[in-house]
$ cat target-v1.csv   # CSV, C-alpha atoms
chain,number,residue,atom,x,y,z
R,185,ASN,CA,26.3,17.6,-2.9
R,186,ASN,CA,22.7,18.4,-3.7
R,187,ASP,CA,19.6,17.5,-1.6
R,188,THR,CA,17.4,16.6,-4.6
R,189,ILE,CA,20.1,14.3,-6.0
R,190,ALA,CA,20.7,12.7,-2.7
R,191,SER,CA,16.9,12.1,-2.3
R,192,ASN,CA,16.7,10.6,-5.8
R,193,LEU,CA,19.7,8.4,-5.2
R,194,GLY,CA,18.0,7.2,-2.0
R,195,VAL,CA,14.9,6.3,-4.0
R,196,ALA,CA,17.0,4.4,-6.5
R,197,ASP,CA,18.8,2.5,-3.7
R,198,ARG,CA,15.4,1.7,-2.1
R,199,GLU,CA,14.3,0.2,-5.4
R,200,LEU,CA,17.5,-1.9,-5.5
R,201,HIS,CA,16.7,-3.1,-1.9
R,202,LYS,CA,19.7,-1.2,-0.5
R,203,TYR,CA,17.7,0.1,2.4
R,204,ASP,CA,20.5,1.2,4.7
R,205,GLU,CA,22.1,3.2,1.8
R,206,ALA,CA,18.7,4.7,1.0
R,207,ARG,CA,18.2,5.8,4.6
R,208,ALA,CA,21.7,7.4,4.7
R,209,LEU,CA,20.9,9.3,1.5
R,210,TYR,CA,17.5,10.5,2.9
R,211,GLY,CA,19.3,11.7,6.0
R,212,GLU,CA,21.8,13.6,3.8
R,213,ALA,CA,18.9,15.2,1.8
R,214,ALA,CA,17.0,16.0,5.0
R,215,ALA,CA,20.1,17.6,6.5
R,216,LYS,CA,20.0,20.0,3.6
R,217,SER,CA,16.4,20.9,4.2
R,218,MET,CA,14.7,18.4,1.9
R,219,ASN,CA,11.4,16.9,3.2
R,220,GLU,CA,12.0,13.2,3.3
R,221,LYS,CA,9.0,12.2,5.4
R,222,ASN,CA,7.3,10.4,2.5
R,223,ASN,CA,10.5,8.6,1.4
R,224,LEU,CA,11.2,7.5,5.0
R,225,GLY,CA,7.6,6.3,5.4
R,226,ILE,CA,8.0,4.1,2.4
R,227,LEU,CA,11.4,2.9,3.7
R,228,TYR,CA,9.9,2.0,7.1
R,229,ILE,CA,7.2,-0.1,5.2
R,230,LYS,CA,10.1,-2.0,3.6
R,231,TYR,CA,11.7,-2.5,7.0
R,232,GLY,CA,8.3,-3.8,8.3
R,233,ASP,CA,8.2,-0.9,10.9
R,234,TYR,CA,4.7,0.2,10.3
R,235,ASP,CA,4.3,2.4,13.4
R,236,ASN,CA,7.2,4.6,12.2
R,237,ALA,CA,5.9,4.4,8.7
R,238,VAL,CA,2.5,5.8,9.7
R,239,SER,CA,4.2,8.5,11.9
R,240,SER,CA,6.5,9.5,9.0
R,241,PHE,CA,3.8,10.3,6.6
R,242,ASP,CA,2.0,13.6,6.6
R,243,PRO,CA,-1.3,13.0,8.5
R,244,LYS,CA,-3.3,14.7,5.7
R,245,GLN,CA,-1.7,12.6,3.0
R,246,CYS,CA,-4.0,10.3,1.1
R,247,ASP,CA,-2.2,7.7,-1.0
R,248,TYR,CA,-1.5,4.1,-1.4
R,249,ASN,CA,1.6,3.9,0.8
R,250,VAL,CA,-0.1,5.5,3.8
R,251,ALA,CA,-3.1,3.2,3.4
R,252,LEU,CA,-0.7,0.2,3.1
R,253,ALA,CA,1.1,1.2,6.3
R,254,TYR,CA,-2.2,1.4,8.2
R,255,THR,CA,-3.3,-1.9,6.7
R,256,MET,CA,-0.1,-3.6,7.8
R,257,LYS,CA,-0.6,-2.1,11.3
R,258,ASN,CA,-4.1,-3.8,11.3
R,259,ASP,CA,-5.7,-0.3,11.6
R,260,TYR,CA,-8.3,-1.0,9.0
R,261,ASP,CA,-10.5,2.1,9.7
R,262,ASN,CA,-7.6,4.5,9.1
R,263,ALA,CA,-6.5,2.4,6.1
R,264,LEU,CA,-10.0,2.8,4.6
R,265,SER,CA,-10.1,6.5,5.4
R,266,LYS,CA,-6.8,7.0,3.6
R,267,ILE,CA,-8.0,4.9,0.6
R,268,ASP,CA,-11.3,6.6,0.3
R,269,CYS,CA,-9.7,10.1,0.2
R,270,ILE,CA,-7.5,9.2,-2.7
R,271,ALA,CA,-8.8,11.3,-5.6
R,272,ASP,CA,-7.8,9.1,-8.6
R,273,LYS,CA,-8.0,5.5,-7.5
R,274,THR,CA,-5.9,3.0,-9.4
R,275,PRO,CA,-6.6,-0.7,-9.7
R,276,GLN,CA,-3.8,-1.2,-7.1
R,277,VAL,CA,-5.7,1.0,-4.7
R,278,TYR,CA,-9.0,-0.9,-5.3
R,279,TYR,CA,-7.1,-4.2,-4.7
R,280,LEU,CA,-5.8,-2.9,-1.4
R,281,ARG,CA,-9.3,-1.8,-0.5
R,282,ALA,CA,-10.5,-5.3,-1.2
R,283,VAL,CA,-7.9,-6.8,1.0
R,284,VAL,CA,-8.8,-4.4,3.9
R,285,ALA,CA,-12.5,-5.2,3.4
R,286,ALA,CA,-11.7,-9.0,3.4
R,287,ARG,CA,-9.8,-8.6,6.6
R,288,LYS,CA,-12.7,-6.7,8.1
R,289,GLY,CA,-15.2,-9.4,6.9
R,290,ASP,CA,-17.1,-6.8,4.7
R,291,VAL,CA,-18.0,-9.0,1.7
R,292,ASP,CA,-19.9,-6.3,-0.1
R,293,MET,CA,-17.0,-3.8,0.0
R,294,MET,CA,-14.5,-6.6,-0.8
R,295,THR,CA,-16.4,-7.7,-3.9
R,296,THR,CA,-17.1,-4.2,-5.2
R,297,SER,CA,-13.4,-3.2,-4.7
R,298,LEU,CA,-12.1,-6.4,-6.3
R,299,THR,CA,-14.4,-6.0,-9.2
R,300,LEU,CA,-13.0,-2.5,-9.8
R,301,ALA,CA,-9.5,-3.7,-9.4
R,302,VAL,CA,-9.9,-6.5,-12.0
R,303,LYS,CA,-11.8,-4.2,-14.4
R,304,GLY,CA,-8.9,-1.7,-14.3
R,305,ASP,CA,-6.2,-4.4,-14.4
R,306,PRO,CA,-7.2,-7.9,-15.4
R,307,SER,CA,-4.0,-9.4,-13.9
R,308,TYR,CA,-5.6,-8.9,-10.4
R,309,ARG,CA,-8.0,-11.7,-11.4
R,310,ASP,CA,-5.2,-14.4,-11.2
R,311,GLN,CA,-3.6,-12.8,-8.2
R,312,ALA,CA,-6.8,-12.8,-6.2
R,313,LYS,CA,-7.3,-16.5,-7.0
R,314,THR,CA,-4.2,-17.4,-5.0
R,315,ASP,CA,-4.0,-14.5,-2.6
R,316,ILE,CA,-4.3,-15.8,0.9
R,317,GLU,CA,-6.1,-12.6,1.9
R,318,PHE,CA,-9.1,-14.0,0.1
R,319,LYS,CA,-8.8,-17.7,1.0
R,320,LYS,CA,-12.0,-17.9,3.0
R,321,TYR,CA,-13.9,-16.3,0.1
R,322,TRP,CA,-12.5,-18.3,-2.8
R,323,ASN,CA,-15.5,-20.6,-3.0
R,324,LYS,CA,-18.1,-18.0,-2.4
R,325,VAL,CA,-20.3,-16.9,-5.3
R,326,GLU,CA,-19.7,-13.2,-4.6
R,327,PHE,CA,-15.9,-13.7,-4.9
R,328,GLN,CA,-16.3,-15.7,-8.1
R,329,ASN,CA,-18.5,-12.9,-9.6
R,330,ALA,CA,-16.0,-10.2,-8.6
R,331,ILE,CA,-13.1,-11.8,-10.5
R,332,LYS,CA,-15.0,-12.7,-13.7
$ encode --input "target-v1.csv" --output "structure tokens"
Amino acid sequence: NNDTIASNLGVADRELHKYDEARALYGEAAAKSMNEKNNLGILYIKYGDYDNAVSSFDPKQCDYNVALAYTMKNDYDNALSKIDCIADKTPQVYYLRAVVAARKGDVDMMTTSLTLAVKGDPSYRDQAKTDIEFKKYWNKVEFQNAIK
């Protein structure tokens, strides 16, 4: 009967793909004054409800999940804005930035971001080779150089 425990159990259920149970636990935690906007935003992403995901997150929040929600909404300018304001970018963030750039047709940003993602985590090299997001770039020199 504790808001923090209910929230944490909700996160655990979300990771176990028990989304309805997670949502109920987030509701329980929120009823006890816990701020569950971030957790609900992530859950909405899992549901594929990107409009509600975006509206759940704090508008000032700069993190991967917010950027992902905007990306999935095809709102690439806001996605890039949220990516660019992340202070400590991880390889995962750079990879998402490369995906957004590829969708926008910005080859320079895509290759720069992909290079940084691969540099930080070499496993992105193999992922990019088969990621449909980059299909139209697979045979381009810029793409090949980015994943070296």
$ atom_distance --input "target-v1.csv" --atom1 "CA of Asp261 (chain R)" --atom2 "CA of Lys288 (chain R)"
9.2 Å
$ closest_residue --input "target-v1.csv" --among "R:Met293, R:Val277, R:Leu264, R:Ala190" --to "Ala215 (chain R)" --atoms "all atoms listed in the file"
R:Ala190
$ residues_near_point --input "target-v1.csv" --point "(-10.1, -0.3, 8.6)" --cutoff "10 Å" --atoms "all atoms listed in the file" --output "ChimeraX atom specification"
/R:251,254-255,258-267,281,284-285,287-288
$ residues_around --input "target-v1.csv" --residues "Ala330 (chain R)" --least-positions-apart "6" --cutoff "10 Å" --atoms "all atoms listed in the file" --output "ChimeraX atom specification"
/R:294-303,309,312
$ closest_residue --input "target-v1.csv" --among "R:Asp305, R:Val291, R:Ala253, R:Leu193" --to "Gln276 (chain R)" --atoms "all atoms listed in the file"
R:Asp305
$ atom_distance --input "target-v1.csv" --atom1 "CA of Tyr234 (chain R)" --atom2 "CA of Thr314 (chain R)"
25.0 Å
$ residues_around --input "target-v1.csv" --residues "Ile189 (chain R)" --least-positions-apart "5" --cutoff "10 Å" --atoms "all atoms listed in the file" --output "ChimeraX atom specification"
/R:194-195,209,212-213
$ atom_distance --input "target-v1.csv" --atom1 "CA of Ala237 (chain R)" --atom2 "CA of Lys257 (chain R)"
9.6 Å
$ residues_around --input "target-v1.csv" --residues "Leu224 (chain R)" --least-positions-apart "5" --cutoff "8 Å" --atoms "only C-alpha atoms" --output "number ranges by chain"
R: 207, 210, 237, 240
$ decode --input "target-v1.csv" --residues "region 316-327 of chain R" --atoms "all heavy atoms" --output "PDB file, in the first residue's frame"
ATOM      1  N   ILE R 316      15.754  -1.645 -41.812  1.00  0.00           N
ATOM      2  CA  ILE R 316      15.008  -1.146 -42.961  1.00  0.00           C
ATOM      3  C   ILE R 316      14.984   0.386 -43.011  1.00  0.00           C
ATOM      4  O   ILE R 316      14.800   0.977 -44.088  1.00  0.00           O
ATOM      5  CB  ILE R 316      13.580  -1.745 -42.975  1.00  0.00           C
ATOM      6  CG1 ILE R 316      12.952  -1.628 -44.365  1.00  0.00           C
ATOM      7  CG2 ILE R 316      12.702  -1.101 -41.947  1.00  0.00           C
ATOM      8  CD1 ILE R 316      13.489  -2.601 -45.344  1.00  0.00           C
ATOM      9  N   GLU R 317      15.204   1.017 -41.886  1.00  0.00           N
ATOM     10  CA  GLU R 317      15.261   2.483 -41.849  1.00  0.00           C
ATOM     11  C   GLU R 317      16.368   3.026 -42.760  1.00  0.00           C
ATOM     12  O   GLU R 317      16.286   4.152 -43.238  1.00  0.00           O
ATOM     13  CB  GLU R 317      15.486   2.991 -40.420  1.00  0.00           C
ATOM     14  CG  GLU R 317      14.388   2.659 -39.453  1.00  0.00           C
ATOM     15  CD  GLU R 317      13.127   3.496 -39.632  1.00  0.00           C
ATOM     16  OE1 GLU R 317      13.102   4.411 -40.486  1.00  0.00           O
ATOM     17  OE2 GLU R 317      12.165   3.229 -38.896  1.00  0.00           O
ATOM     18  N   PHE R 318      17.394   2.222 -42.973  1.00  0.00           N
ATOM     19  CA  PHE R 318      18.541   2.664 -43.760  1.00  0.00           C
ATOM     20  C   PHE R 318      18.617   1.992 -45.131  1.00  0.00           C
ATOM     21  O   PHE R 318      19.618   2.147 -45.828  1.00  0.00           O
ATOM     22  CB  PHE R 318      19.839   2.411 -42.977  1.00  0.00           C
ATOM     23  CG  PHE R 318      19.886   3.063 -41.628  1.00  0.00           C
ATOM     24  CD1 PHE R 318      19.928   2.298 -40.478  1.00  0.00           C
ATOM     25  CD2 PHE R 318      19.864   4.442 -41.503  1.00  0.00           C
ATOM     26  CE1 PHE R 318      19.959   2.892 -39.227  1.00  0.00           C
ATOM     27  CE2 PHE R 318      19.895   5.051 -40.253  1.00  0.00           C
ATOM     28  CZ  PHE R 318      19.941   4.266 -39.110  1.00  0.00           C
ATOM     29  N   LYS R 319      17.596   1.273 -45.494  1.00  0.00           N
ATOM     30  CA  LYS R 319      17.635   0.469 -46.726  1.00  0.00           C
ATOM     31  C   LYS R 319      18.079   1.270 -47.943  1.00  0.00           C
ATOM     32  O   LYS R 319      18.924   0.818 -48.720  1.00  0.00           O
ATOM     33  CB  LYS R 319      16.274  -0.178 -46.987  1.00  0.00           C
ATOM     34  CG  LYS R 319      16.278  -1.067 -48.203  1.00  0.00           C
ATOM     35  CD  LYS R 319      14.954  -1.750 -48.417  1.00  0.00           C
ATOM     36  CE  LYS R 319      15.065  -2.666 -49.636  1.00  0.00           C
ATOM     37  NZ  LYS R 319      13.844  -3.397 -49.877  1.00  0.00           N
ATOM     38  N   LYS R 320      17.526   2.459 -48.132  1.00  0.00           N
ATOM     39  CA  LYS R 320      17.880   3.221 -49.336  1.00  0.00           C
ATOM     40  C   LYS R 320      19.303   3.783 -49.291  1.00  0.00           C
ATOM     41  O   LYS R 320      19.797   4.310 -50.284  1.00  0.00           O
ATOM     42  CB  LYS R 320      16.856   4.313 -49.619  1.00  0.00           C
ATOM     43  CG  LYS R 320      16.838   5.477 -48.673  1.00  0.00           C
ATOM     44  CD  LYS R 320      15.760   6.470 -49.097  1.00  0.00           C
ATOM     45  CE  LYS R 320      15.751   7.697 -48.214  1.00  0.00           C
ATOM     46  NZ  LYS R 320      14.713   8.639 -48.629  1.00  0.00           N
ATOM     47  N   TYR R 321      19.965   3.617 -48.142  1.00  0.00           N
ATOM     48  CA  TYR R 321      21.338   4.115 -47.997  1.00  0.00           C
ATOM     49  C   TYR R 321      22.380   2.992 -47.975  1.00  0.00           C
ATOM     50  O   TYR R 321      23.574   3.269 -48.011  1.00  0.00           O
ATOM     51  CB  TYR R 321      21.467   4.937 -46.705  1.00  0.00           C
ATOM     52  CG  TYR R 321      20.519   6.096 -46.643  1.00  0.00           C
ATOM     53  CD1 TYR R 321      19.359   6.040 -45.867  1.00  0.00           C
ATOM     54  CD2 TYR R 321      20.754   7.254 -47.374  1.00  0.00           C
ATOM     55  CE1 TYR R 321      18.478   7.104 -45.818  1.00  0.00           C
ATOM     56  CE2 TYR R 321      19.873   8.328 -47.338  1.00  0.00           C
ATOM     57  CZ  TYR R 321      18.734   8.243 -46.555  1.00  0.00           C
ATOM     58  OH  TYR R 321      17.866   9.290 -46.520  1.00  0.00           O
ATOM     59  N   TRP R 322      21.931   1.746 -47.884  1.00  0.00           N
ATOM     60  CA  TRP R 322      22.869   0.632 -47.711  1.00  0.00           C
ATOM     61  C   TRP R 322      24.009   0.637 -48.729  1.00  0.00           C
ATOM     62  O   TRP R 322      25.132   0.301 -48.390  1.00  0.00           O
ATOM     63  CB  TRP R 322      22.138  -0.705 -47.761  1.00  0.00           C
ATOM     64  CG  TRP R 322      21.330  -1.031 -46.544  1.00  0.00           C
ATOM     65  CD1 TRP R 322      21.478  -0.519 -45.289  1.00  0.00           C
ATOM     66  CD2 TRP R 322      20.251  -1.941 -46.469  1.00  0.00           C
ATOM     67  NE1 TRP R 322      20.543  -1.054 -44.436  1.00  0.00           N
ATOM     68  CE2 TRP R 322      19.771  -1.936 -45.136  1.00  0.00           C
ATOM     69  CE3 TRP R 322      19.605  -2.771 -47.394  1.00  0.00           C
ATOM     70  CZ2 TRP R 322      18.719  -2.726 -44.703  1.00  0.00           C
ATOM     71  CZ3 TRP R 322      18.554  -3.555 -46.963  1.00  0.00           C
ATOM     72  CH2 TRP R 322      18.116  -3.527 -45.628  1.00  0.00           C
ATOM     73  N   ASN R 323      23.755   0.980 -49.956  1.00  0.00           N
ATOM     74  CA  ASN R 323      24.778   0.926 -50.999  1.00  0.00           C
ATOM     75  C   ASN R 323      25.496   2.247 -51.212  1.00  0.00           C
ATOM     76  O   ASN R 323      26.337   2.360 -52.101  1.00  0.00           O
ATOM     77  CB  ASN R 323      24.157   0.451 -52.324  1.00  0.00           C
ATOM     78  CG  ASN R 323      23.657  -0.975 -52.214  1.00  0.00           C
ATOM     79  OD1 ASN R 323      24.293  -1.822 -51.589  1.00  0.00           O
ATOM     80  ND2 ASN R 323      22.505  -1.237 -52.801  1.00  0.00           N
ATOM     81  N   LYS R 324      25.209   3.224 -50.408  1.00  0.00           N
ATOM     82  CA  LYS R 324      25.860   4.530 -50.540  1.00  0.00           C
ATOM     83  C   LYS R 324      27.186   4.537 -49.769  1.00  0.00           C
ATOM     84  O   LYS R 324      27.302   3.965 -48.679  1.00  0.00           O
ATOM     85  CB  LYS R 324      24.946   5.647 -50.026  1.00  0.00           C
ATOM     86  CG  LYS R 324      23.696   5.826 -50.889  1.00  0.00           C
ATOM     87  CD  LYS R 324      23.023   7.134 -50.567  1.00  0.00           C
ATOM     88  CE  LYS R 324      21.808   7.323 -51.414  1.00  0.00           C
ATOM     89  NZ  LYS R 324      22.085   7.856 -52.719  1.00  0.00           N
ATOM     90  N   VAL R 325      28.152   5.188 -50.337  1.00  0.00           N
ATOM     91  CA  VAL R 325      29.481   5.282 -49.736  1.00  0.00           C
ATOM     92  C   VAL R 325      29.409   5.900 -48.342  1.00  0.00           C
ATOM     93  O   VAL R 325      30.084   5.437 -47.412  1.00  0.00           O
ATOM     94  CB  VAL R 325      30.431   6.099 -50.648  1.00  0.00           C
ATOM     95  CG1 VAL R 325      31.751   6.404 -49.954  1.00  0.00           C
ATOM     96  CG2 VAL R 325      30.671   5.365 -51.945  1.00  0.00           C
ATOM     97  N   GLU R 326      28.587   6.937 -48.183  1.00  0.00           N
ATOM     98  CA  GLU R 326      28.477   7.618 -46.888  1.00  0.00           C
ATOM     99  C   GLU R 326      28.014   6.654 -45.797  1.00  0.00           C
ATOM    100  O   GLU R 326      28.534   6.688 -44.674  1.00  0.00           O
ATOM    101  CB  GLU R 326      27.484   8.786 -46.975  1.00  0.00           C
ATOM    102  CG  GLU R 326      27.883   9.879 -47.931  1.00  0.00           C
ATOM    103  CD  GLU R 326      27.321   9.681 -49.342  1.00  0.00           C
ATOM    104  OE1 GLU R 326      26.866   8.575 -49.687  1.00  0.00           O
ATOM    105  OE2 GLU R 326      27.370  10.645 -50.113  1.00  0.00           O
ATOM    106  N   PHE R 327      27.048   5.822 -46.136  1.00  0.00           N
ATOM    107  CA  PHE R 327      26.545   4.842 -45.158  1.00  0.00           C
ATOM    108  C   PHE R 327      27.643   3.831 -44.830  1.00  0.00           C
ATOM    109  O   PHE R 327      27.863   3.522 -43.661  1.00  0.00           O
ATOM    110  CB  PHE R 327      25.302   4.130 -45.714  1.00  0.00           C
ATOM    111  CG  PHE R 327      24.767   3.068 -44.791  1.00  0.00           C
ATOM    112  CD1 PHE R 327      23.942   3.414 -43.728  1.00  0.00           C
ATOM    113  CD2 PHE R 327      25.092   1.740 -44.978  1.00  0.00           C
ATOM    114  CE1 PHE R 327      23.456   2.442 -42.865  1.00  0.00           C
ATOM    115  CE2 PHE R 327      24.613   0.757 -44.122  1.00  0.00           C
ATOM    116  CZ  PHE R 327      23.792   1.121 -43.072  1.00  0.00           C
TER     117      PHE R 327
END
